[in-house]
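Peer 1: Just dropping this structure here.
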Amino acid sequence: MLNIEHLSKRFGAKTAVDDLSLHIRPGEIYGFIGHNGAGKTTTLKCAVGILPWDAGTIRVNGVDLRAEPLRCKRELAYIPDNPDLYDFMSGQRYLNFVADIYGISAALRQERIGKYAALLELTGDLGQPISAYSHGMKQKLAVISAWLHAPKLIVMDEPFVGLDPKASHLLKEMMRRHCDAGGAIFFSTHVLEVAEKLCDKVAIIRQGRLVKAGTMEAVRGDESLEAVFLELEAE
Amino acid sequence: MLKVLLKKQLSEVFRNYFYNPKTNRMRSRWAVAGWFVFFAVVMVGVLGGMFTALSLSLCPGLAAADMGWLYFLLLGGVAVVLGAFGSVFNTYSGLYLSKDNDLLLAMPIPLRTILCARLMNVYLLGTLYAATAFLPALIVYWLTAGATAANVLGGLLLFLLVTLIVLLLSCLLGWVVAAVSMKLKNRSGLTVLLALVFIGLYYFLYFKAVDLIRDLLQNAAVYGAQIRGAAYGLYLFGRVGEGDFAAAAPVCAVLAALAALVWALLRRSFLRLATSHEKVGDRRAAKTARARSPFAALVGKELRRFTASPNYMLNCGLAVLLLPICGVLLLLQGRELGALLETVFAAAPDSAAVLLCAAVCLLVSMNDLAAPSVSLEGKSLWIPQSLPLEPKTVLRAKAALQLLLSGPAALLCAVCAAAVLPGSLAARGLLCLTVALYSLCYALACAAIGVRMPLLTWTAELVPIKQSGAVTLALLGSWLLCAVLGGGYLLLGSSIGAVAYLLIWCVLFAAAAALLLRWLDTKGAAAFAAL
């Protein structure tokens, strides 16, 4: 679903991502962990076509992202670490805006908005301006907008930050259902327990380089993910 | 505690003098000094100079007629209006919309202390405005009528009373705006409406000022007697400036009572207003689920961005209203204006059509909403970048909104001008075509400048809207172009006639629009994608 081959990205003299390769298959929840400034967000932003990159190729569902960015973007959704949405819109208007961009019919969007808003308990607040939303509510809105066009690949940067325990639980269920239905999820997190319980595969990045990747069992062996991560960080 | 809050408040007020809001870095010593000098020149030199001139025109006549009280009443009234209206929006936002509401309310600070600190801020700003009008008036009076201990003390006391009235009026108006805003869905519309009313009132009084002063001086005795008879309190108010302390006592007592009432009103409503301003919902939006094309959705989003911000509307879209107003005025008085222009510039035939065309284009230039539009994406830039949208579609939508708002209004104004102007039908038709093509060209140019000079790191939206390089370039460039359009005809163009001259400009604008559109679709789009 998402093939990243030899990705490199530099900001001036600093190499943020260095020769990184990752393959995420349909049905997989792929966790991406690393310390602050390791290059996670840069990788995710490159993978969704926000940031241009210097070397390597990225393919979404077999389509080259650089060659056909719009085709790729129709297949994916992105939730940033800090959901800075359009404060001047209401939640409903924002969802309608996103639905218009993806060309979702009126009936279908109404059905999906109703379904996900009810699930995340945001229905009553959709008429409110986004400027009045808490961080968690913005995060929920970003989640609904990401699921709205039924993307094949969902890329999320720290998706659980700001969510209450119930919403976190619901999001994990949504992620699992999405992958069980043939989709794929690639997300970064600092919460290693969540990654350990939720992910089918995990990749650890340090100073822009991939230091370990594979199935959860292969990466952690007999230890906890936290222990593996700390060991790798100490090296 | 009040001292701590006041210190914080003042550092916030003067922050822009010490920090550059664009870069969020401290200004150099020279830049700080420059800002203070600039402020002093504007407040003392320009505003103070204006009111000194006004005082000089009123004071000698009224002082000689022993009607100093009327002079103080008039200038005091001017100072009150300037101070109260100058700070009404600041009062609303300063008292109720401060970003540190939650922070301060969560601390063990008495509500009255928070309110007091914020009122002090309102007081200082109101006093600043009032002082520019009233202090020159006082000085002019002392120099004209002669300074005595009584009238100096009385004058200073009156100044304090004026500042108190300014504070009370500002608080009441701010309270009304806050209370009404709570009930309204479209608060931005109200703010713009109020601002337009104040601007309209200001220009009305400004243009009528000379007639009003002349009338007042000629009939001072009559008006004085009428005011004394009908509103004795106002007479007493004016007398305070002349040093009448017997008049000062009741005036002070009434104002103290009013101050107590306003304080009680603010204290009672402060918490409710300060904590509920974000809760007005959009019930209609919850039911809306009409599907649109991506381009229409983008234009709709731009429109929502525009209408959600009074700053954006007032600074970048005022001509949407002014153009039709000017059109109506042209219908009413355009014939005389056209004849006057033809007479003044008799050497350049059909000059009225060209000059009015340049004037309408100049008005169109006030609508530069596409120029700060890319910058206004700010931290939300990830949305258009991650959605399946071509960058050129995003940029075209920004230009389209400007054109949609400016174009019809500009065309209406141009048609009104063409309807009443003398000259050939061809010249009048070309006037309309030139204005239409200029509107198109300007919208595309603003979008191009916006993507070429983006400013995405702002903390206050006023920075990209008012102080960005993109907006400055768009405005100055368009003014220069309009000057060339009008002036060029008087200097050179009249030799080929208005029709040929306007035709050349039409071709130029059309060619420029085509080039700009191509640039936006290619290099502009690449620049947007790389932001």
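Here, A, B, ... name the chains of the structure tokens in the order displayed, residue numbers run from 1 inside each chain, and ligands are numbered from 1 in the same displayed order.
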Could you give me, as a ChimeraX atom specification, each residue of segment 13-211 of chain A that DSSP assigns to strand (DSSP E or B) when run on this structure's backbone?
Peer 2: /A:14-24,29-34,55-60,63-64,76-79,90,129,153-157,184-188,201-206,209-211
Peer 1: Taking only C-alpha atoms into account, report as a VMD selection string which residues of chain A lie within 7 Å of chain B.
Peer 2: chain A and resid 48 to 50 70 73 to 74 78 84 to 86 88 90 92 to 93 96 to 97 100 to 101 103 105 to 106 110 126 to 129 132
Peer 1: Could you give me, as an MDAnalysis selection string, the residues within 8 Å of Cys357 of chain B, counting only C-alpha atoms and dropping anything in the same chain fewer than 5 positions from it?
Peer 2: chainID B and resid 414 431:432 434:435 486
Peer 1: Could you save the residues just selected, with all heavy atoms, as an mmCIF file, in the first residue's frame?
Peer 2:
data_model
loop_
_atom_site.group_PDB
_atom_site.id
_atom_site.type_symbol
_atom_site.label_atom_id
_atom_site.label_comp_id
_atom_site.auth_asym_id
_atom_site.auth_seq_id
_atom_site.Cartn_x
_atom_site.Cartn_y
_atom_site.Cartn_z
ATOM 1 N N ALA B 414 -18.495 51.424 -12.883
ATOM 2 C CA ALA B 414 -18.055 51.897 -14.203
ATOM 3 C C ALA B 414 -19.261 52.203 -15.105
ATOM 4 O O ALA B 414 -19.257 53.196 -15.821
ATOM 5 C CB ALA B 414 -17.165 50.839 -14.848
ATOM 6 N N LEU B 431 -14.346 52.435 -21.140
ATOM 7 C CA LEU B 431 -14.167 52.690 -19.697
ATOM 8 C C LEU B 431 -14.577 51.433 -18.910
ATOM 9 O O LEU B 431 -13.843 50.949 -18.047
ATOM 10 C CB LEU B 431 -15.012 53.892 -19.292
ATOM 11 C CG LEU B 431 -14.958 54.446 -17.874
ATOM 12 C CD1 LEU B 431 -15.519 55.851 -17.860
ATOM 13 C CD2 LEU B 431 -15.661 53.627 -16.837
ATOM 14 N N CYS B 432 -15.751 50.911 -19.267
ATOM 15 C CA CYS B 432 -16.261 49.722 -18.559
ATOM 16 C C CYS B 432 -15.352 48.517 -18.801
ATOM 17 O O CYS B 432 -15.031 47.768 -17.872
ATOM 18 C CB CYS B 432 -17.682 49.396 -19.010
ATOM 19 S SG CYS B 432 -18.838 50.711 -18.658
ATOM 20 N N THR B 434 -12.185 48.478 -19.624
ATOM 21 C CA THR B 434 -10.888 48.659 -18.959
ATOM 22 C C THR B 434 -11.003 48.307 -17.476
ATOM 23 O O THR B 434 -10.140 47.612 -16.913
ATOM 24 C CB THR B 434 -10.396 50.122 -19.110
ATOM 25 O OG1 THR B 434 -10.485 50.492 -20.457
ATOM 26 C CG2 THR B 434 -8.963 50.274 -18.634
ATOM 27 N N VAL B 435 -12.078 48.786 -16.848
ATOM 28 C CA VAL B 435 -12.269 48.504 -15.419
ATOM 29 C C VAL B 435 -12.416 46.992 -15.183
ATOM 30 O O VAL B 435 -11.823 46.428 -14.261
ATOM 31 C CB VAL B 435 -13.506 49.266 -14.880
ATOM 32 C CG1 VAL B 435 -13.907 48.755 -13.506
ATOM 33 C CG2 VAL B 435 -13.219 50.759 -14.810
ATOM 34 N N GLY B 486 -4.155 57.336 -15.455
ATOM 35 C CA GLY B 486 -4.801 58.657 -15.521
ATOM 36 C C GLY B 486 -3.851 59.729 -16.024
ATOM 37 O O GLY B 486 -4.167 60.480 -16.957
#
Peer 1: For Ser224 of chain A, list every protein, DNA or RNA residue within 12 Å, evaluated using only C-alpha atoms, and leave out those in the same chain fewer than 3 positions away; present the list as a PyMOL selection string.
Peer 2: chain A and resi 192-197+216-221+227-231
Peer 1: Restricted to C-alpha atoms, what would the selected residues look like written as a short mmCIF file (atom, residue, chain, number, x, y, z; two decimals), in the first residue's frame?
Peer 2:
data_model
loop_
_atom_site.label_atom_id
_atom_site.label_comp_id
_atom_site.auth_asym_id
_atom_site.auth_seq_id
_atom_site.Cartn_x
_atom_site.Cartn_y
_atom_site.Cartn_z
CA LEU A 192 5.18 2.49 23.20
CA GLU A 193 2.51 0.49 25.03
CA VAL A 194 -0.03 1.54 22.41
CA ALA A 195 2.33 0.63 19.60
CA GLU A 196 3.04 -2.72 21.20
CA LYS A 197 -0.62 -3.65 21.57
CA MET A 216 6.25 -6.65 16.37
CA GLU A 217 7.49 -10.07 17.42
CA ALA A 218 10.62 -9.80 15.32
CA VAL A 219 11.49 -6.35 16.59
CA ARG A 220 10.95 -6.87 20.28
CA GLY A 221 11.86 -10.59 20.62
CA ALA A 227 13.33 -2.05 26.41
CA VAL A 228 14.28 -2.55 22.76
CA PHE A 229 13.75 1.13 22.02
CA LEU A 230 15.85 2.26 24.96
CA GLU A 231 18.62 -0.18 24.07
#
Peer 1: For Ala67 of chain A, list every protein, DNA or RNA residue within 12 Å, evaluated using only C-alpha atoms, and leave out those in the same chain fewer than 5 positions away; present the list as a VMD selection string.
Peer 2: chain A and resid 49 52 57 to 60 62 72 to 73
Peer 1: Write down as a ChimeraX atom specification the residues of segment 259-456 of chain B whose backbone DSSP state falls under helix (DSSP H, G or I).
Peer 2: /B:259-274,283-287,294-307,310-316,319-344,351-364,373-386,391-420,425-452
Peer 1: In terms of the shortest atom-to-atom distance over only C-alpha atoms, which of A:Val98, A:Ala117, A:Ala38, A:Leu76 is closest to Ala167 of chain A?
Peer 2: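 Looking at the shortest contact to Ala167 of chain A, the residue is A:Ala117.
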Peer 1: Show which residues sit within 8 Å of segment 140-148 of chain A, as a PyMOL selection string. Count only C-alpha atoms, and ignore same-chain residues fewer than 6 positions away.
Peer 2: chain A and resi 77-79+83+85+91+95+98-99+109+112-113+116-117+120+122+154+163+167
Peer 1: Please measure the separation of atom CA of Ala203 of chain A and atom CA of His135 of chain A, giving the value in Å to one decimal.
Peer 2: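 Atom CA of Ala203 of chain A sits 27.4 Å away from atom CA of His135 of chain A.
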Peer 1: Residues at most 6 Å from Phe18 of chain B, counting only C-alpha atoms, excluding those fewer than 5 positions away in the same chain, as an NGL selection string?
Peer 2: :B and (26-27 or 32)
Peer 1: In Å, how far is it from atom CA of Gln226 of chain B to atom CA of Trp142 of chain B?
Peer 2: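 If I compute the distance from atom CA of Gln226 of chain B to atom CA of Trp142 of chain B, I get 26.1 Å.
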